[in-house]
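The file protein_3.pdb contains PDB, C-alpha atoms:
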ATOM      1  CA  MET Y   1      20.212 -50.283  10.008
ATOM      2  CA  SER Y   2      19.906 -53.618  11.733
ATOM      3  CA  GLY Y   3      17.446 -52.757  14.542
ATOM      4  CA  LYS Y   4      13.970 -54.133  14.946
ATOM      5  CA  PHE Y   5      12.308 -50.807  14.032
ATOM      6  CA  THR Y   6      12.432 -49.309  10.541
ATOM      7  CA  LEU Y   7      11.142 -45.999   9.227
ATOM      8  CA  ILE Y   8       9.506 -46.135   5.814
ATOM      9  CA  TYR Y   9       9.645 -42.829   3.913
ATOM     10  CA  TYR Y  10       6.921 -42.093   1.391
ATOM     11  CA  TYR Y  11       5.048 -39.439  -0.489
ATOM     12  CA  VAL Y  12       1.669 -39.343  -2.235
ATOM     13  CA  ALA Y  13       1.832 -37.267  -5.432
ATOM     14  CA  GLU Y  14      -1.995 -36.877  -5.558
ATOM     15  CA  ASP Y  15      -1.826 -35.101  -2.174
ATOM     16  CA  ASN Y  16       0.825 -32.691  -3.509
ATOM     17  CA  ASP Y  17       3.390 -34.117  -1.099
ATOM     18  CA  ASP Y  18       6.922 -32.881  -1.721
ATOM     19  CA  PRO Y  19       9.388 -35.776  -2.261
ATOM     20  CA  GLU Y  20      12.121 -33.588  -0.720
ATOM     21  CA  TYR Y  21      10.139 -33.624   2.571
ATOM     22  CA  PRO Y  22       8.605 -37.111   2.728
ATOM     23  CA  ASN Y  23       6.163 -38.546   5.231
ATOM     24  CA  ALA Y  24       7.204 -41.529   7.329
ATOM     25  CA  PHE Y  25       5.744 -44.439   9.297
ATOM     26  CA  GLY Y  26       7.409 -47.165  11.286
ATOM     27  CA  ILE Y  27       7.373 -50.958  11.144
ATOM     28  CA  ASN Y  28       8.672 -53.185  13.963
ATOM     29  CA  LEU Y  29      10.915 -55.249  11.658
ATOM     30  CA  SER Y  30      14.450 -54.907  10.432
ATOM     31  CA  GLN Y  31      14.919 -53.588   6.869
ATOM     32  CA  GLU Y  32      15.930 -57.026   5.635
ATOM     33  CA  ASP Y  33      12.751 -58.664   6.995
ATOM     34  CA  ILE Y  34      10.213 -56.189   5.572
ATOM     35  CA  LYS Y  35       8.164 -57.443   2.628
ATOM     36  CA  LEU Y  36       5.668 -55.663   0.354
ATOM     37  CA  LYS Y  37       2.794 -57.305   2.259
ATOM     38  CA  ASP Y  38       4.105 -55.663   5.481
ATOM     39  CA  ILE Y  39       4.044 -52.243   3.794
ATOM     40  CA  LYS Y  40       0.461 -52.793   2.598
ATOM     41  CA  THR Y  41      -0.620 -53.858   6.076
ATOM     42  CA  ALA Y  42       1.101 -51.051   7.986
ATOM     43  CA  PHE Y  43       0.542 -48.171   5.548
ATOM     44  CA  PRO Y  44      -1.179 -45.454   7.624
ATOM     45  CA  LEU Y  45      -3.526 -43.933   5.038
ATOM     46  CA  GLU Y  46      -7.000 -45.214   4.177
ATOM     47  CA  GLY Y  47      -7.542 -46.234   0.597
ATOM     48  CA  GLU Y  48      -6.154 -48.501  -2.066
ATOM     49  CA  TYR Y  49      -2.605 -47.748  -3.227
ATOM     50  CA  HIS Y  50       0.082 -48.951  -5.577
ATOM     51  CA  PHE Y  51       3.610 -48.741  -4.169
ATOM     52  CA  ARG Y  52       6.843 -48.088  -6.109
ATOM     53  CA  PHE Y  53      10.214 -48.039  -4.452
ATOM     54  CA  LYS Y  54      13.068 -45.664  -5.189
ATOM     55  CA  TYR Y  55      16.181 -47.505  -6.319
ATOM     56  CA  LYS Y  56      19.498 -46.618  -7.925
ATOM     57  CA  VAL Y  57      20.754 -48.730 -10.838
ATOM     58  CA  ASN Y  58      23.943 -47.769 -12.757
ATOM     59  CA  ASN Y  59      23.803 -44.247 -11.353
ATOM     60  CA  GLN Y  60      20.169 -43.960 -12.572
ATOM     61  CA  VAL Y  61      17.315 -43.376 -10.104
ATOM     62  CA  VAL Y  62      14.258 -45.501 -10.917
ATOM     63  CA  TRP Y  63      10.915 -46.360  -9.305
ATOM     64  CA  MET Y  64      10.722 -50.121  -8.968
ATOM     65  CA  ASP Y  65       7.503 -52.158  -8.999
ATOM     66  CA  LEU Y  66       7.809 -55.337  -6.979
ATOM     67  CA  PRO Y  67       6.688 -58.644  -8.510
ATOM     68  CA  SER Y  68       4.994 -60.202  -5.456
ATOM     69  CA  GLU Y  69       3.691 -59.610  -1.942
ATOM     70  CA  ASN Y  70       6.648 -61.561  -0.542
ATOM     71  CA  SER Y  71       9.308 -59.494  -2.308
ATOM     72  CA  GLY Y  72      11.951 -57.820  -0.186
ATOM     73  CA  LEU Y  73      12.246 -54.048  -0.475
ATOM     74  CA  PRO Y  74      15.050 -52.212  -2.276
ATOM     75  CA  LEU Y  75      17.037 -49.538  -0.409
ATOM     76  CA  PHE Y  76      17.918 -46.073  -1.595
ATOM     77  CA  SER Y  77      20.842 -44.470   0.248
ATOM     78  CA  GLY Y  78      20.347 -47.000   3.050
ATOM     79  CA  LYS Y  79      16.604 -46.195   3.495
ATOM     80  CA  ILE Y  80      13.286 -47.514   2.203
ATOM     81  CA  PHE Y  81      11.765 -44.731   0.138
ATOM     82  CA  MET Y  82       8.501 -45.225  -1.751
ATOM     83  CA  LYS Y  83       5.929 -43.426  -3.851
ATOM     84  CA  ALA Y  84       2.287 -44.303  -3.067
ATOM     85  CA  THR Y  85      -0.195 -43.845  -5.907
ATOM     86  CA  ARG Y  86      -3.805 -43.775  -4.715
ATOM     87  CA  PHE Y  87      -6.321 -45.830  -6.709
ATOM     88  CA  SER Y  88      -9.252 -45.286  -4.380
ATOM     89  CA  TRP Y  89     -10.063 -43.575  -1.092
ATOM     90  CA  GLU Y  90     -11.614 -46.862   0.064
ATOM     91  CA  SER Y  91      -9.320 -49.680   1.018
ATOM     92  CA  LYS Y  92      -9.730 -53.049  -0.622
ATOM     93  CA  GLN Y  93     -10.505 -54.551   2.790
ATOM     94  CA  ASN Y  94     -13.204 -51.917   3.369
ATOM     95  CA  LYS Y  95     -14.669 -52.582  -0.088
ATOM     96  CA  GLU Y  96     -14.713 -56.325   0.545
ATOM     97  CA  LYS Y  97     -16.270 -55.821   3.983
ATOM     98  CA  TYR Y  98     -18.870 -53.452   2.504
ATOM     99  CA  GLN Y  99     -19.700 -55.929  -0.269
ATOM    100  CA  GLU Y 100     -19.938 -58.790   2.245
ATOM    101  CA  ASP Y 101     -22.249 -56.708   4.472
ATOM    102  CA  ARG Y 102     -24.442 -55.778   1.484
ATOM    103  CA  GLU Y 103     -24.606 -59.421   0.391
ATOM    104  CA  ARG Y 104     -25.447 -60.526   3.950
ATOM    105  CA  GLN Y 105     -28.225 -57.911   4.175
ATOM    106  CA  LYS Y 106     -29.569 -58.945   0.774
ATOM    107  CA  ASN Y 107     -29.564 -62.627   1.775
ATOM    108  CA  ALA Y 108     -31.213 -61.854   5.119
ATOM    109  CA  LYS Y 109     -33.931 -59.831   3.401
ATOM    110  CA  THR Y 110     -34.484 -62.599   0.832
ATOM    111  CA  SER Y 111     -34.730 -65.295   3.517
ATOM    112  CA  GLU Y 112     -37.157 -63.168   5.571
ATOM    113  CA  GLU Y 113     -39.356 -62.691   2.506
ATOM    114  CA  ALA Y 114     -39.193 -66.420   1.771
ATOM    115  CA  LYS Y 115     -40.221 -67.248   5.348
ATOM    116  CA  ARG Y 116     -43.206 -64.926   5.086
ATOM    117  CA  GLU Y 117     -44.244 -66.297   1.699
ATOM    118  CA  THR Y 118     -43.570 -70.015   2.235
ATOM    119  CA  PRO Y 119     -46.014 -71.921   4.469
ATOM    120  CA  LYS Y 120     -44.477 -74.356   6.932
ATOM    121  CA  ASN Y 121     -46.673 -77.231   5.799
ATOM    122  CA  SER Y 122     -49.633 -77.780   3.503
ATOM    123  CA  THR Y 123     -52.155 -77.290   6.322
ATOM    124  CA  ASP Y 124     -50.971 -73.686   6.661
ATOM    125  CA  ILE Y 125     -52.227 -72.858   3.181
ATOM    126  CA  LYS Y 126     -55.477 -70.980   3.509
ATOM    127  CA  PRO Y 127     -57.615 -69.886   0.596
ATOM    128  CA  LYS Y 128     -57.861 -66.179   0.070
ATOM    129  CA  GLN Y 129     -61.084 -64.741   1.322
ATOM    130  CA  GLN Y 130     -63.109 -62.595  -1.002
ATOM    131  CA  PRO Y 131     -63.956 -59.171   0.342
ATOM    132  CA  GLN Y 132     -67.496 -59.033   1.648
ATOM    133  CA  GLN Y 133     -69.951 -56.888  -0.217
ATOM    134  CA  MET Y 134     -71.424 -54.260   2.020
ATOM    135  CA  SER Y 135     -74.748 -52.657   1.367
ATOM    136  CA  ASN Y 136     -75.454 -49.022   1.999
ATOM    137  CA  SER Y 137     -77.577 -49.994   4.978
ATOM    138  CA  ASP Y 138     -74.517 -51.461   6.759
ATOM    139  CA  PHE Y 139     -73.293 -47.977   7.603
ATOM    140  CA  ASP Y 140     -74.702 -45.760  10.310
ATOM    141  CA  LEU Y 141     -74.305 -42.540   8.352
ATOM    142  CA  LEU Y 142     -75.834 -40.349  11.019
ATOM    143  CA  GLY Y 143     -73.838 -41.794  13.905
ATOM    144  CA  THR Y 144     -76.959 -42.420  15.961
ATOM    145  CA  GLY Y 145     -76.594 -46.122  16.680
ATOM    146  CA  SER Y 146     -74.894 -49.346  15.681
ATOM    147  CA  THR Y 147     -75.601 -51.465  12.637
ATOM    148  CA  THR Y 148     -76.695 -55.069  12.985
ATOM    149  CA  ALA Y 149     -77.387 -57.330  10.031
ATOM    150  CA  GLY Y 150     -78.025 -54.435   7.691
ATOM    151  CA  LYS Y 151     -80.393 -52.600  10.072
ATOM    152  CA  THR Y 152     -79.590 -49.676  12.294
ATOM    153  CA  SER Y 153     -80.378 -50.091  15.953
ATOM    154  CA  TYR Y 154     -80.788 -47.001  18.075
ATOM    155  CA  GLY Y 155     -80.109 -48.580  21.397
ATOM    156  CA  ASN Y 156     -83.268 -50.570  22.103
ATOM    157  CA  SER Y 157     -82.385 -54.011  23.372
ATOM    158  CA  ASN Y 158     -85.000 -55.691  21.210
ATOM    159  CA  GLY Y 159     -83.580 -54.112  18.060
ATOM    160  CA  ALA Y 160     -86.733 -52.082  17.419
ATOM    161  CA  SER Y 161     -86.159 -48.598  16.161
ATOM    162  CA  LYS Y 162     -87.160 -45.623  18.281
ATOM    163  CA  HIS Y 163     -87.282 -43.517  15.134
ATOM    164  CA  LYS Y 164     -88.159 -44.507  11.630
ATOM    165  CA  ASP Y 165     -85.099 -46.231  10.178
ATOM    166  CA  LEU Y 166     -83.805 -43.696   7.697
ATOM    167  CA  LEU Y 167     -81.571 -46.148   5.895
ATOM    168  CA  ASP Y 168     -84.161 -48.857   5.160
ATOM    169  CA  ASP Y 169     -85.286 -47.180   1.982
ATOM    170  CA  PHE Y 170     -81.819 -46.052   0.900
ATOM    171  CA  GLY Y 171     -81.129 -47.307  -2.585
ATOM    172  CA  ASP Y 172     -84.749 -48.167  -3.485
ATOM    173  CA  SER Y 173     -85.614 -47.184  -7.026
ATOM    174  CA  GLN Y 174     -89.050 -45.838  -6.015
ATOM    175  CA  PRO Y 175     -89.050 -43.119  -3.389
ATOM    176  CA  GLN Y 176     -91.851 -43.545  -0.909
ATOM    177  CA  LYS Y 177     -94.181 -40.654  -0.412
ATOM    178  CA  ASN Y 178     -95.019 -39.626   3.098
ATOM    179  CA  GLU Y 179     -97.695 -37.013   2.918
ATOM    180  CA  SER Y 180     -98.335 -36.836   6.632
ATOM    181  CA  LYS Y 181     -96.558 -34.172   8.623
ATOM    182  CA  PRO Y 182     -93.765 -35.448  10.866
ATOM    183  CA  ASN Y 183     -94.492 -35.352  14.549
ATOM    184  CA  LYS Y 184     -92.196 -33.704  17.061
ATOM    185  CA  GLN Y 185     -90.873 -37.050  18.350
ATOM    186  CA  ASP Y 186     -89.593 -37.986  14.818
ATOM    187  CA  THR Y 187     -87.617 -34.758  14.427
ATOM    188  CA  ASP Y 188     -85.983 -34.582  17.904
ATOM    189  CA  TRP Y 189     -82.806 -36.105  16.565
ATOM    190  CA  MET Y 190     -82.344 -33.198  14.121
ATOM    191  CA  ILE Y 191     -81.719 -30.628  16.860
TER     192      ILE Y 191
END
Now that the file is in, can you turn its structure into structure tokens?
Amino acid sequence: MSGKFTLIYYYVAEDNDDPEYPNAFGINLSQEDIKLKDIKTAFPLEGEYHFRFKYKVNNQVVWMDLPSENSGLPLFSGKIFMKATRFSWESKQNKEKYQEDRERQKNAKTSEEAKRETPKNSTDIKPKQQPQQMSNSDFDLLGTGSTTAGKTSYGNSNGASKHKDLLDDFGDSQPQKNESKPNKQDTDWMI
């Protein structure tokens, strides 16, 4: 066959292909010009494969392994017939691309972390601030006003409390006794 298009016959034993009814794919080269590297490039199935070629020597049929990517292919009954043994479902190119992508992502993540952790110059270094201690009086537990400098303000512009500040005595070791009865104005907020 001296045309510029060649059919390559093959079977994959792991796929239970029958060698009597092989698969085929085409390459736009003459039989004499096809090399092992062309087979590896044009092979239609995904994955990583080892290729052996059917060959007849002294009336014996053998499966020949080729020594290099640039080796020409042997013919069997005037055709190229090969057995493809799958090593992996992933192709070597896909594995390399995947590994390159993973390495690129890892490097990008590392450089982003380094940028966040490394100051641009020494003036960017700021000492860590200690958390401020808050006293119990800094919180408006009843939700009746805002806190200012440890005191609760109930909306008067001068900061004076309309009601007795309930949080002033919070935390004192001695409870203060108030023996007088509360007046109505002091208990309005409870309703």
Work out how far apart CA of Glu48 in chain Y and CA of Asp33 in chain Y are and give it in Å to one decimal.
23.3 Å
Step by step, work through what the PyMOL selection byres ((chain Y and resi 34) around 12) selects in the shown file, and finish by giving those residues as a PyMOL selection string.
chain Y and resi 2+4-8+26-33+35-42+69-75+80
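With CA of Gln60 in chain Y on one side and CA of Arg86 in chain Y on the other, the separation reads 25.2 Å.
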Please write the residues picked by the PyMOL selection byres ((chain Y and resi 22) around 12) on this file as a PyMOL selection string.
chain Y and resi 7-13+15-21+23-25+80-84
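Interatomic distance, CA of His50 in chain Y against CA of Val62 in chain Y: 15.5 Å.
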Proximity to Leu45 in chain Y - best of Y:Ser68, Y:Ser77, Y:Asn58, Y:Thr85, only C-alpha atoms:
Y:Thr85
Determine the axis-aligned bounding box of all atoms of range 66-78 of chain Y present in the file, pad each side by 8 Å, and express its centre and edge lengths in Å to one decimal place as lines of an AutoDock Vina configuration file.
center_x = 12.3
center_y = -53.0
center_z = -2.7
size_x = 33.2
size_y = 33.1
size_z = 27.6
